[in-house]
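> To start, I am sharing the structure in question, which I have written as structure tokens.
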Amino acid sequence: MSIEPIGTRPRRTFDPTRMMIYLVLAVAAIYYLLPLYVMIVTSLKGMPEVRLGNIFSPPVEITFEPWAKAWDTACTGLYCEGLKVGFWNSMQILIPSVVISIAIASVNGYALSFWRFRGAEVFFTILIFGSFIPYQVMLYPLVIITRELGIFGSLTGVIFIHTIFGMPILTLLFRNYFASLPQELFKAARVDGAGFWGIFFKIMVPMSPPIFVVAIILQVTGIWNDFLFGVIFAGTKNFPMTVQLNNIVNSSQGVKEYNVNMAATILTGAVPLAIYFLSGKYFVRGIAAGAVKG
Amino acid sequence: MKSIEIKDLSLSFGDFKVLEKLNLDIYDGEFLVLLGASGCGKSTLLNCVAGLLDISDGQIFIKGKNVTWKEPKDRDIGMVFQSYALYPQMSVRGNLSFGLKNARIPKPEIEKRVARAAEILQIESLLHRKPAELSGGQRQRVAIGRALVREVDVFLFDEPLSNLDAKLRAELRVEIKRLHQKLNNTMIYVTHDQIEALTLADRIAIMRGGKVQQLDTPQVIYNHPVNKYVAAFIGSPGMNFLTGRLVAGEKPGFNFNGLDVDLSRYAFNDTTPSGESEAWLGIRPEHIHVGPEAVKKAFSHTVEVEVVEPMGSDTLVWSKLADQEFRFRMDGQLSVKVGEELMIGFDPVSASLFDSKTEIRL
Ligand SMILES: Nc1ncnc2c1ncn2[C@@H]1O[C@H](COP(=O)(O)OP(=O)(O)O)[C@@H](O)[C@H]1O
Ligand SMILES: [Mg+2]
């Protein structure tokens with residue numbers, strides 16, 4: 001005979017508290033998903049169908065025409081070459097900015113947490129302070145600086161700006177992560193004769209994929225979604241996708257092509273969305289591991 | 001020959017002086033244990049010797065060479081850490097050979113040294129594994145192996161056994177002792193565990209607040225502690241301290257609560273004190289005799305048993321000797337009951353006297 005636990009088993013399925021939680025979650029999910037739904041169905045309708053005005057009804061006749069137009073031929077200001085120009089501009093801004101800012105910040109964070117150099121505390125305080133200054137305060141000085149450097153209105157200019165603005169938060173992120181790794185590991189590597197770069201590349205970086213993923217997510221989404229710096233520093237030829245999207249959506253000529261606008265918006269949002277879907281797990285893990293502590 | 005010389009070493013973290021004018025000489029092939037309570041500066045001292053901390057003042061010599069400002073890798077030392085500090089993404093083989101690769105030692109030589117270290121430490125079958133796949137004891141073996149392959153004359157251990165359970169700790173302790181006998185190199189071993197210190201050390205340096213209190217063989221430290229702190233720190237269960245008056249002169253004695261201990265056979269330090277002064281009389285629980293034997297000792301008295309703690313091989317009895325806390329050890333085979341009256345006695349030769357103000361041995 002087996003021994004049974006005494007008492008009634010608590011009933012889980014119809015627990016009222018639980019029901020309430022699910023209800024609230026469901027409402028919240030619908031609230032956030034509804035606009036997405038409207039965007040998708042609208043983007044798949046032809047203009048005659050859009051004019052009927054029933055935004056919630058699914059498309060009677062599915063067409064990918066608006067998507068093709070948004071990507072290829074929509075007018076973004078003077079040119080009518082679609083969003084693809086902005087997409088490639090954004091990529092050209094994004095990739096170097098992400099790589100350079102993460103490369104510098106990870107070394108900064110590593111140096112700050114392991115190589116206690118003279119003035120490290122002051123340096124760190126300035127960095128922290130830097131992350132609290134509103135962007136707008138620095139815009140005009142930065143315009144002057146980039147102009148003096150001869151990189152205003154160029155890809156280099158906007159990459160430079162993104163790298164600088166990523167620095168405080170990324171350095172903080174890396175410093176806190178590295179500070180959570182055991183000091184003794186660093187000491188052991190020093191006894192083993194590894195130098196500044198040897199320890200960084202052979203010991204620390206291999207231990208840090210989660211924090212690099214977090215940094216990449218932060219930077220990709222941040223830089224991709226940027227509008228302000230793109231408008232100011234990139235120059236007309238290099239406007240990122242967000243700026244061109246705005247030009248499409250807010251164009252004052254002709255009829256408003258809602259289906260094209262919707263498709264263009266989804267296309268612009270696709271990159272950060274994909275990043276979140278692919279690495280959400282790492283994002284949560286990395287934030288929990290490094291960013292909150294210390 | 002001196003293997004390591006530490007001269008007037010000082011180190012501060014900001015305003016906080018961790019080490020102050022510390023001097024220590026360690027001889028070739030010696031096993032020196034740095035023993036002290038947590039936070040007294042043992043690890044700091046060891047890190048200074050390893051070159052992992054920049055010192056504020058003083059000099060460090062290893063094998064006659066001034067290494068004060070040398071990098072850790074150039075000091076001919078190997079180091080073992082409490083947390084093992086194995087490189088997690090490298091295999092055991094990778095961990096052992098990392099330092100040798102950095103030193104650009106030729107591949108066949110690396111192979112040879114790794115094989116030899118693995119054989120000595122019996123980790124040959126683990127060479128392909130990652131540290132995460134090892135038990136605590138195996139990890140610490142690998143960590144020792146990492147020092148071993150460097151083929152250096154000085155090993156530094158920072159509480160290497162603290163993260164292991166009691167049984168494994170005892171096993172690895174013996175292995176470290178064997179290793180020392182085999183290699184015959186200089187070892188500095190940091191611990192807060194007096195058992196490790198007493199069992200391993202050729203000499204023990206007892207540290208307190210960044211200063212060395214006593215540096216001597218385990219026997220001398222156990223039998224002739226230089227002050228009350230050292231006396232209380234070494235030995236388990238701890239020494240009994242009776243407070244009373246020391247009466248010096250022709251026939252010296254120690255008076256407490258109306259009792260008198262004849263000290264004519266006590267070996268006073270340097271000069272015999274004169275007159276009367278407040279003092280502590282320290283006597284270890286294991287130096288107290290019970291029963292018929294007790295009466296033969298220079299001092300004997302009856303006490304009432306208050307608490308009995310059987311510990312297997314022997315039994316610890318708590319009692320009061322003339323109203324002062326008093327513990328003693330008895331043979332574990334004898335039975336004692338609470339409330340029982342026992343005759344206890346001890347020989348002042350095995351006792352220690354300390355000045356009540358300075359706490360220095362008299
Ligand atoms: N990096 C540091 N900064 C400030 N104080 C420290 C630092 N490292 C150690 N200390 C302090 O120095 C003292 C000695 O530390 P440590 O040598 O680690 O002690 P032990 O190894 O004997 O337990 C402690 O009080 C500790 O708080
Ligand atoms: Mg320590």
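So you can find residues: chains in the structure tokens are A, B, ... in the order shown, residues in each start at 1, and ligands are numbered from 1 in order.
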Using only C-alpha atoms and all ligand atoms, find each residue with an atom at most 6 Å away from ligand 1 and format the answer as a list in words.
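I would give the residues around ligand 1 as Phe13, Val18, Ser38, Gly39, Cys40, Gly41, Lys42, Ser43 and Thr44 of chain B.
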> Since we have the selection now, will you write its residues out, keeping C-alpha atoms, as an mmCIF file, in the first residue's frame?

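Result file selection21.cif:
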data_model
loop_
_atom_site.group_PDB
_atom_site.id
_atom_site.type_symbol
_atom_site.label_atom_id
_atom_site.label_comp_id
_atom_site.auth_asym_id
_atom_site.auth_seq_id
_atom_site.Cartn_x
_atom_site.Cartn_y
_atom_site.Cartn_z
ATOM 1 C CA PHE B 13 43.893 50.591 0.705
ATOM 2 C CA VAL B 18 46.327 46.549 5.950
ATOM 3 C CA SER B 38 39.519 36.447 8.553
ATOM 4 C CA GLY B 39 40.448 39.953 7.448
ATOM 5 C CA CYS B 40 43.833 40.118 9.162
ATOM 6 C CA GLY B 41 45.683 40.600 5.873
ATOM 7 C CA LYS B 42 46.891 37.089 4.996
ATOM 8 C CA SER B 43 45.652 37.127 1.416
ATOM 9 C CA THR B 44 46.903 40.651 0.997
#
> Return as CSV the residues of chain A lying at most 8 Å from chain B, together with the closest atom-to-atom pair for each and the distance in Å to one decimal, counting only C-alpha atoms, with rows in chain order and ascending residue number.

residue,atom,partner,partner_atom,distance
A:Pro182,CA,B:Ala85,CA,7.6
A:Glu184,CA,B:Ala85,CA,5.6
A:Leu185,CA,B:Ala85,CA,4.6
A:Lys187,CA,B:Leu52,CA,6.7
A:Ala188,CA,B:Ala85,CA,6.5
A:Ala189,CA,B:Gly99,CA,7.7
A:Arg190,CA,B:Pro72,CA,6.4
A:Val191,CA,B:Lys73,CA,5.0
A:Asp192,CA,B:Gly99,CA,4.1
A:Gly193,CA,B:Lys73,CA,4.8
A:Ala194,CA,B:Asn102,CA,6.2
A:Ile203,CA,B:Tyr87,CA,6.7
A:Pro206,CA,B:Gln89,CA,6.8
A:Met207,CA,B:Gln89,CA,7.1
> Could you name the residues that touch Thr156 in chain A at 10 Å or less, counting only C-alpha atoms, but leaving out those on the same chain fewer than 3 positions away, as a list in words?
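The contact residues come out as Gln92, Ile93, Pro96, Ser97, Thr146, Gly150, Ile151, Phe152, Gly153, Ile159, Phe160, Ile161, His162, Phe233 and Ala234 of chain A.
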> Keeping only C-alpha atoms, write the selected residues to a file as a PDB file, in the first residue's frame.

ATOM      1  CA  GLN A  92      25.664  51.189 -43.088  1.00  0.00           C
ATOM      2  CA  ILE A  93      25.120  53.251 -39.963  1.00  0.00           C
ATOM      3  CA  PRO A  96      29.931  49.979 -37.738  1.00  0.00           C
ATOM      4  CA  SER A  97      28.238  51.789 -34.820  1.00  0.00           C
ATOM      5  CA  THR A 146      31.509  67.177 -35.826  1.00  0.00           C
ATOM      6  CA  GLY A 150      34.813  67.654 -40.899  1.00  0.00           C
ATOM      7  CA  ILE A 151      32.467  64.742 -40.455  1.00  0.00           C
ATOM      8  CA  PHE A 152      29.166  66.614 -40.095  1.00  0.00           C
ATOM      9  CA  GLY A 153      26.530  65.330 -42.473  1.00  0.00           C
ATOM     10  CA  ILE A 159      28.509  56.590 -36.552  1.00  0.00           C
ATOM     11  CA  PHE A 160      30.738  58.745 -34.358  1.00  0.00           C
ATOM     12  CA  ILE A 161      27.690  60.135 -32.555  1.00  0.00           C
ATOM     13  CA  HIS A 162      26.125  56.726 -31.989  1.00  0.00           C
ATOM     14  CA  PHE A 233      24.231  64.204 -38.454  1.00  0.00           C
ATOM     15  CA  ALA A 234      23.854  61.755 -41.354  1.00  0.00           C
TER      16      ALA A 234
END
> Go ahead and compute the interatomic distance for CA of Ile6 in chain B and CA of Ile206 in chain B, in Å to one decimal.
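Taking CA of Ile6 in chain B as the start and CA of Ile206 in chain B as the end point, the length is 15.5 Å.
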> When DSSP works through the backbone of this structure, what residues of range 124-345 of chain B end up as strand (DSSP E or B), shown as a PyMOL selection string?
chain B and resi 154-158+186-191+203-208+211-216+227+240-247+253-256+259-262+276-283+289-290+299-310+314-321+324-331+341-345
> Could the residues in this selection be saved with C-alpha atoms as a PDB file, in the first residue's frame?

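Output (selection_15.pdb):
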ATOM      1  CA  VAL B 154      57.827  28.846  -4.663  1.00  0.00           C
ATOM      2  CA  PHE B 155      54.208  27.801  -4.275  1.00  0.00           C
ATOM      3  CA  LEU B 156      51.629  30.169  -2.840  1.00  0.00           C
ATOM      4  CA  PHE B 157      48.366  28.742  -1.525  1.00  0.00           C
ATOM      5  CA  ASP B 158      45.461  30.965  -0.534  1.00  0.00           C
ATOM      6  CA  THR B 186      59.162  26.610  -0.644  1.00  0.00           C
ATOM      7  CA  MET B 187      55.505  26.924   0.164  1.00  0.00           C
ATOM      8  CA  ILE B 188      53.528  29.738   1.702  1.00  0.00           C
ATOM      9  CA  TYR B 189      50.141  28.542   2.735  1.00  0.00           C
ATOM     10  CA  VAL B 190      47.378  30.848   3.947  1.00  0.00           C
ATOM     11  CA  THR B 191      44.646  29.493   6.152  1.00  0.00           C
ATOM     12  CA  ARG B 203      56.806  27.185  10.799  1.00  0.00           C
ATOM     13  CA  ILE B 204      53.618  29.129  11.438  1.00  0.00           C
ATOM     14  CA  ALA B 205      53.291  32.891  11.267  1.00  0.00           C
ATOM     15  CA  ILE B 206      50.324  34.007  13.306  1.00  0.00           C
ATOM     16  CA  MET B 207      48.921  37.265  11.981  1.00  0.00           C
ATOM     17  CA  ARG B 208      46.669  39.807  13.580  1.00  0.00           C
ATOM     18  CA  LYS B 211      51.210  42.218  11.905  1.00  0.00           C
ATOM     19  CA  VAL B 212      52.981  38.947  12.579  1.00  0.00           C
ATOM     20  CA  GLN B 213      52.390  38.074  16.227  1.00  0.00           C
ATOM     21  CA  GLN B 214      54.562  34.990  16.422  1.00  0.00           C
ATOM     22  CA  LEU B 215      56.672  33.106  13.914  1.00  0.00           C
ATOM     23  CA  ASP B 216      57.832  29.698  15.055  1.00  0.00           C
ATOM     24  CA  ASN B 227      50.737  36.438  24.003  1.00  0.00           C
ATOM     25  CA  ASN B 240      41.462  28.114  29.861  1.00  0.00           C
ATOM     26  CA  PHE B 241      42.321  31.561  31.186  1.00  0.00           C
ATOM     27  CA  LEU B 242      42.199  32.092  34.916  1.00  0.00           C
ATOM     28  CA  THR B 243      42.464  35.633  36.172  1.00  0.00           C
ATOM     29  CA  GLY B 244      44.361  36.298  39.390  1.00  0.00           C
ATOM     30  CA  ARG B 245      47.454  37.811  40.981  1.00  0.00           C
ATOM     31  CA  LEU B 246      51.017  36.859  40.241  1.00  0.00           C
ATOM     32  CA  VAL B 247      53.225  36.989  43.321  1.00  0.00           C
ATOM     33  CA  GLY B 253      52.931  31.757  42.858  1.00  0.00           C
ATOM     34  CA  PHE B 254      49.603  32.574  41.236  1.00  0.00           C
ATOM     35  CA  ASN B 255      46.665  33.419  43.495  1.00  0.00           C
ATOM     36  CA  PHE B 256      43.096  33.331  42.335  1.00  0.00           C
ATOM     37  CA  LEU B 259      43.640  29.228  45.598  1.00  0.00           C
ATOM     38  CA  ASP B 260      47.386  29.183  45.074  1.00  0.00           C
ATOM     39  CA  VAL B 261      49.375  27.700  42.178  1.00  0.00           C
ATOM     40  CA  ASP B 262      53.039  27.074  42.877  1.00  0.00           C
ATOM     41  CA  GLU B 276      52.730  41.582  42.674  1.00  0.00           C
ATOM     42  CA  SER B 277      50.741  42.092  39.489  1.00  0.00           C
ATOM     43  CA  GLU B 278      47.469  41.162  37.822  1.00  0.00           C
ATOM     44  CA  ALA B 279      47.905  38.252  35.402  1.00  0.00           C
ATOM     45  CA  TRP B 280      46.256  35.498  33.404  1.00  0.00           C
ATOM     46  CA  LEU B 281      47.136  31.876  33.888  1.00  0.00           C
ATOM     47  CA  GLY B 282      46.473  29.886  30.719  1.00  0.00           C
ATOM     48  CA  ILE B 283      46.217  26.112  30.740  1.00  0.00           C
ATOM     49  CA  HIS B 289      44.769  15.456  34.576  1.00  0.00           C
ATOM     50  CA  VAL B 290      41.803  13.863  36.280  1.00  0.00           C
ATOM     51  CA  PHE B 299      48.287  21.977  41.604  1.00  0.00           C
ATOM     52  CA  SER B 300      45.137  20.014  42.240  1.00  0.00           C
ATOM     53  CA  HIS B 301      41.583  20.782  43.298  1.00  0.00           C
ATOM     54  CA  THR B 302      38.053  19.398  43.052  1.00  0.00           C
ATOM     55  CA  VAL B 303      35.531  20.684  40.568  1.00  0.00           C
ATOM     56  CA  GLU B 304      31.881  19.945  39.883  1.00  0.00           C
ATOM     57  CA  VAL B 305      30.930  18.711  36.417  1.00  0.00           C
ATOM     58  CA  GLU B 306      28.465  21.108  34.759  1.00  0.00           C
ATOM     59  CA  VAL B 307      28.275  20.047  31.104  1.00  0.00           C
ATOM     60  CA  VAL B 308      29.635  16.948  29.387  1.00  0.00           C
ATOM     61  CA  GLU B 309      30.493  16.960  25.672  1.00  0.00           C
ATOM     62  CA  PRO B 310      31.488  13.484  24.442  1.00  0.00           C
ATOM     63  CA  ASP B 314      37.791  11.991  24.375  1.00  0.00           C
ATOM     64  CA  THR B 315      35.240  13.924  26.360  1.00  0.00           C
ATOM     65  CA  LEU B 316      35.215  17.648  27.069  1.00  0.00           C
ATOM     66  CA  VAL B 317      33.998  18.583  30.530  1.00  0.00           C
ATOM     67  CA  TRP B 318      32.849  22.082  31.453  1.00  0.00           C
ATOM     68  CA  SER B 319      33.120  23.094  35.075  1.00  0.00           C
ATOM     69  CA  LYS B 320      34.047  25.967  37.381  1.00  0.00           C
ATOM     70  CA  LEU B 321      37.368  26.148  39.138  1.00  0.00           C
ATOM     71  CA  GLN B 324      36.056  30.661  37.003  1.00  0.00           C
ATOM     72  CA  GLU B 325      35.127  28.923  33.744  1.00  0.00           C
ATOM     73  CA  PHE B 326      37.256  25.803  33.369  1.00  0.00           C
ATOM     74  CA  ARG B 327      37.253  23.105  30.675  1.00  0.00           C
ATOM     75  CA  PHE B 328      39.250  19.910  30.533  1.00  0.00           C
ATOM     76  CA  ARG B 329      39.566  16.802  28.433  1.00  0.00           C
ATOM     77  CA  MET B 330      39.112  13.290  29.705  1.00  0.00           C
ATOM     78  CA  ASP B 331      39.522   9.891  28.168  1.00  0.00           C
ATOM     79  CA  GLU B 341      32.806  15.929  41.850  1.00  0.00           C
ATOM     80  CA  LEU B 342      36.168  15.327  40.147  1.00  0.00           C
ATOM     81  CA  MET B 343      39.726  15.848  41.270  1.00  0.00           C
ATOM     82  CA  ILE B 344      41.688  17.762  38.629  1.00  0.00           C
ATOM     83  CA  GLY B 345      45.321  18.752  38.565  1.00  0.00           C
TER      84      GLY B 345
END
> Apply DSSP to the structure's backbone, then extract all residues of range 162-211 of chain A labelled alpha helix (DSSP H) and return them as a VMD selection string.
chain A and resid 162 to 180 183 to 191 196 to 198 209 to 211
> What's around Leu161 in chain B at 12 Å? Count only C-alpha atoms, leave out sequence neighbours fewer than 2 positions away in its own chain, and write the answer as an MDAnalysis selection string.
chainID B and resid 80:84 136:141 143:144 157:159 163:176 189:193 195:197
> Please produce a file of those selected residues containing C-alpha atoms, as a PDB file, in the first residue's frame.

ATOM      1  CA  VAL B  80      46.587  28.209  -5.936  1.00  0.00           C
ATOM      2  CA  PHE B  81      43.370  29.995  -5.045  1.00  0.00           C
ATOM      3  CA  GLN B  82      40.468  29.272  -2.744  1.00  0.00           C
ATOM      4  CA  SER B  83      37.904  29.388  -5.548  1.00  0.00           C
ATOM      5  CA  TYR B  84      40.184  27.207  -7.738  1.00  0.00           C
ATOM      6  CA  GLY B 136      35.568  20.189  -5.941  1.00  0.00           C
ATOM      7  CA  GLY B 137      38.504  18.005  -5.015  1.00  0.00           C
ATOM      8  CA  GLN B 138      39.383  17.361  -8.651  1.00  0.00           C
ATOM      9  CA  ARG B 139      39.188  21.064  -9.424  1.00  0.00           C
ATOM     10  CA  GLN B 140      41.599  21.888  -6.647  1.00  0.00           C
ATOM     11  CA  ARG B 141      43.968  19.211  -7.929  1.00  0.00           C
ATOM     12  CA  ALA B 143      44.566  24.208  -9.701  1.00  0.00           C
ATOM     13  CA  ILE B 144      47.583  22.736  -7.924  1.00  0.00           C
ATOM     14  CA  PHE B 157      48.366  28.742  -1.525  1.00  0.00           C
ATOM     15  CA  ASP B 158      45.461  30.965  -0.534  1.00  0.00           C
ATOM     16  CA  GLU B 159      43.074  28.893   1.564  1.00  0.00           C
ATOM     17  CA  ASN B 163      35.687  25.336  -0.217  1.00  0.00           C
ATOM     18  CA  LEU B 164      35.875  21.577   0.310  1.00  0.00           C
ATOM     19  CA  ASP B 165      33.947  19.438   2.744  1.00  0.00           C
ATOM     20  CA  ALA B 166      35.655  18.144   5.871  1.00  0.00           C
ATOM     21  CA  LYS B 167      36.542  14.679   4.615  1.00  0.00           C
ATOM     22  CA  LEU B 168      37.996  15.859   1.330  1.00  0.00           C
ATOM     23  CA  ARG B 169      39.844  18.626   3.112  1.00  0.00           C
ATOM     24  CA  ALA B 170      41.619  16.100   5.314  1.00  0.00           C
ATOM     25  CA  GLU B 171      42.516  13.984   2.272  1.00  0.00           C
ATOM     26  CA  LEU B 172      43.880  16.830   0.212  1.00  0.00           C
ATOM     27  CA  ARG B 173      45.771  18.177   3.215  1.00  0.00           C
ATOM     28  CA  VAL B 174      47.803  15.013   3.350  1.00  0.00           C
ATOM     29  CA  GLU B 175      48.333  15.159  -0.384  1.00  0.00           C
ATOM     30  CA  ILE B 176      49.679  18.672  -0.172  1.00  0.00           C
ATOM     31  CA  TYR B 189      50.141  28.542   2.735  1.00  0.00           C
ATOM     32  CA  VAL B 190      47.378  30.848   3.947  1.00  0.00           C
ATOM     33  CA  THR B 191      44.646  29.493   6.152  1.00  0.00           C
ATOM     34  CA  HIS B 192      42.394  30.434   9.034  1.00  0.00           C
ATOM     35  CA  ASP B 193      42.179  26.797  10.076  1.00  0.00           C
ATOM     36  CA  ILE B 195      44.412  22.255  12.256  1.00  0.00           C
ATOM     37  CA  GLU B 196      45.749  22.794   8.732  1.00  0.00           C
ATOM     38  CA  ALA B 197      48.414  25.080  10.126  1.00  0.00           C
TER      39      ALA B 197
END
> List as a list of chain:residue names the protein and nucleic acid residues near Ile275 in chain A, meaning an atom at most 12 Å away when only C-alpha atoms are counted, but skip any in the same chain fewer than 3 places from it.
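What passes the distance filter is A:Val213, A:Val214, A:Ala215, A:Ile216, A:Ile217, A:Leu218, A:Gln219, A:Val220, A:Thr221, A:Gly222, A:Trp224, A:Gly269, A:Ala270, A:Val271, A:Pro272, A:Leu278, A:Ser279, A:Gly280, A:Lys281, A:Tyr282, A:Phe283.
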> Could you save those same residues with all heavy atoms as a compact mmCIF listing (two decimals), in the first residue's frame?

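The resulting file, part_5.txt, is shown below:
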# COMPACT_ATOMS: atom_id res chain seq x y z
N VAL A 213 25.54 39.69 -26.13
CA VAL A 213 24.23 39.63 -26.78
C VAL A 213 23.35 40.77 -26.29
O VAL A 213 22.69 41.46 -27.08
CB VAL A 213 23.56 38.26 -26.51
CG1 VAL A 213 22.12 38.28 -27.00
CG2 VAL A 213 24.34 37.15 -27.18
N VAL A 214 23.37 41.01 -24.98
CA VAL A 214 22.58 42.11 -24.43
C VAL A 214 23.01 43.43 -25.05
O VAL A 214 22.18 44.25 -25.47
CB VAL A 214 22.72 42.18 -22.89
CG1 VAL A 214 22.07 43.44 -22.35
CG2 VAL A 214 22.11 40.95 -22.25
N ALA A 215 24.32 43.62 -25.13
CA ALA A 215 24.84 44.88 -25.69
C ALA A 215 24.42 45.02 -27.15
O ALA A 215 24.02 46.11 -27.58
CB ALA A 215 26.36 44.91 -25.56
N ILE A 216 24.49 43.93 -27.90
CA ILE A 216 24.10 43.98 -29.31
C ILE A 216 22.62 44.34 -29.45
O ILE A 216 22.24 45.21 -30.24
CB ILE A 216 24.40 42.63 -30.02
CG1 ILE A 216 25.92 42.44 -30.13
CG2 ILE A 216 23.75 42.58 -31.39
CD1 ILE A 216 26.33 41.06 -30.61
N ILE A 217 21.79 43.71 -28.63
CA ILE A 217 20.35 44.02 -28.69
C ILE A 217 20.11 45.49 -28.39
O ILE A 217 19.38 46.19 -29.11
CB ILE A 217 19.57 43.13 -27.70
CG1 ILE A 217 19.67 41.66 -28.11
CG2 ILE A 217 18.12 43.57 -27.64
CD1 ILE A 217 19.18 40.71 -27.05
N LEU A 218 20.71 45.96 -27.29
CA LEU A 218 20.53 47.35 -26.90
C LEU A 218 20.92 48.29 -28.03
O LEU A 218 20.19 49.22 -28.38
CB LEU A 218 21.39 47.68 -25.68
CG LEU A 218 20.84 47.37 -24.31
CD1 LEU A 218 21.85 47.77 -23.25
CD2 LEU A 218 19.54 48.15 -24.11
N GLN A 219 22.08 48.04 -28.62
CA GLN A 219 22.60 48.93 -29.63
C GLN A 219 21.83 48.83 -30.93
O GLN A 219 21.51 49.85 -31.54
CB GLN A 219 24.10 48.65 -29.88
CG GLN A 219 25.00 49.17 -28.79
CD GLN A 219 24.89 50.66 -28.62
OE1 GLN A 219 23.98 51.14 -27.97
NE2 GLN A 219 25.81 51.41 -29.20
N VAL A 220 21.52 47.61 -31.36
CA VAL A 220 20.81 47.45 -32.63
C VAL A 220 19.46 48.14 -32.56
O VAL A 220 19.09 48.93 -33.43
CB VAL A 220 20.64 45.96 -33.00
CG1 VAL A 220 19.68 45.81 -34.16
CG2 VAL A 220 21.99 45.35 -33.35
N THR A 221 18.71 47.86 -31.49
CA THR A 221 17.38 48.48 -31.41
C THR A 221 17.50 49.99 -31.26
O THR A 221 16.78 50.74 -31.90
CB THR A 221 16.57 47.88 -30.24
OG1 THR A 221 17.37 47.96 -29.07
CG2 THR A 221 16.21 46.45 -30.50
N GLY A 222 18.42 50.41 -30.40
CA GLY A 222 18.59 51.85 -30.16
C GLY A 222 18.96 52.59 -31.43
O GLY A 222 18.37 53.61 -31.77
N TRP A 224 18.88 51.52 -34.64
CA TRP A 224 17.92 51.35 -35.72
C TRP A 224 16.72 52.29 -35.55
O TRP A 224 16.23 52.87 -36.49
CB TRP A 224 17.44 49.89 -35.80
CG TRP A 224 16.68 49.62 -37.05
CD1 TRP A 224 15.34 49.75 -37.25
CD2 TRP A 224 17.23 49.20 -38.30
NE1 TRP A 224 15.02 49.44 -38.53
CE2 TRP A 224 16.16 49.10 -39.21
CE3 TRP A 224 18.53 48.89 -38.74
CZ2 TRP A 224 16.34 48.71 -40.52
CZ3 TRP A 224 18.70 48.50 -40.04
CH2 TRP A 224 17.62 48.41 -40.92
N GLY A 269 10.13 48.40 -38.80
CA GLY A 269 10.18 47.81 -37.46
C GLY A 269 10.69 46.38 -37.46
O GLY A 269 10.93 45.80 -36.39
N ALA A 270 10.85 45.80 -38.65
CA ALA A 270 11.14 44.36 -38.72
C ALA A 270 12.48 43.99 -38.08
O ALA A 270 12.58 42.96 -37.41
CB ALA A 270 11.13 43.91 -40.18
N VAL A 271 13.48 44.86 -38.24
CA VAL A 271 14.81 44.49 -37.73
C VAL A 271 14.84 44.36 -36.20
O VAL A 271 15.20 43.31 -35.67
CB VAL A 271 15.87 45.48 -38.25
CG1 VAL A 271 17.19 45.31 -37.51
CG2 VAL A 271 16.07 45.27 -39.74
N PRO A 272 14.43 45.41 -35.45
CA PRO A 272 14.43 45.23 -33.99
C PRO A 272 13.50 44.11 -33.54
O PRO A 272 13.80 43.38 -32.60
CB PRO A 272 13.96 46.58 -33.44
CG PRO A 272 13.63 47.43 -34.59
CD PRO A 272 14.10 46.79 -35.84
N LEU A 278 14.54 36.67 -31.71
CA LEU A 278 15.63 35.69 -31.77
C LEU A 278 16.39 35.59 -30.45
O LEU A 278 16.95 34.56 -30.13
CB LEU A 278 16.62 36.07 -32.89
CG LEU A 278 16.07 35.89 -34.30
CD1 LEU A 278 17.09 36.37 -35.32
CD2 LEU A 278 15.72 34.42 -34.55
N SER A 279 16.41 36.67 -29.68
CA SER A 279 17.31 36.64 -28.53
C SER A 279 16.67 37.11 -27.23
O SER A 279 17.38 37.45 -26.29
CB SER A 279 18.53 37.51 -28.84
OG SER A 279 18.08 38.78 -29.23
N GLY A 280 15.36 37.09 -27.18
CA GLY A 280 14.68 37.56 -25.98
C GLY A 280 15.17 36.88 -24.72
O GLY A 280 15.38 37.51 -23.68
N LYS A 281 15.43 35.58 -24.85
CA LYS A 281 15.88 34.79 -23.71
C LYS A 281 17.20 35.34 -23.16
O LYS A 281 17.35 35.57 -21.97
CB LYS A 281 16.06 33.36 -24.18
CG LYS A 281 16.36 32.38 -23.10
CD LYS A 281 16.48 30.97 -23.69
CE LYS A 281 17.67 30.87 -24.61
NZ LYS A 281 17.85 29.54 -25.20
N TYR A 282 18.15 35.59 -24.08
CA TYR A 282 19.45 36.12 -23.67
C TYR A 282 19.32 37.49 -23.05
O TYR A 282 20.01 37.83 -22.10
CB TYR A 282 20.38 36.24 -24.88
CG TYR A 282 21.13 35.00 -25.17
CD1 TYR A 282 20.79 34.19 -26.23
CD2 TYR A 282 22.20 34.63 -24.34
CE1 TYR A 282 21.49 33.03 -26.48
CE2 TYR A 282 22.90 33.48 -24.60
CZ TYR A 282 22.55 32.68 -25.67
OH TYR A 282 23.24 31.54 -25.90
N PHE A 283 18.39 38.26 -23.64
CA PHE A 283 18.21 39.62 -23.17
C PHE A 283 17.84 39.62 -21.69
O PHE A 283 18.49 40.26 -20.87
CB PHE A 283 17.13 40.30 -24.00
CG PHE A 283 17.02 41.77 -23.73
CD1 PHE A 283 18.06 42.61 -24.10
CD2 PHE A 283 15.91 42.30 -23.12
CE1 PHE A 283 17.97 43.96 -23.86
CE2 PHE A 283 15.82 43.65 -22.88
CZ PHE A 283 16.86 44.49 -23.25
> Can you measure CA of Ser43 in chain A to CA of Val60 in chain A for me? One decimal in Å is fine.
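Separating CA of Ser43 in chain A from CA of Val60 in chain A is a distance of 12.3 Å.
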> Neighbours of Gln194 in chain B within 8 Å (only C-alpha atoms; same-chain residues fewer than 3 positions away dropped), as a PyMOL selection string?
chain B and resi 35+191+197-198+233-235
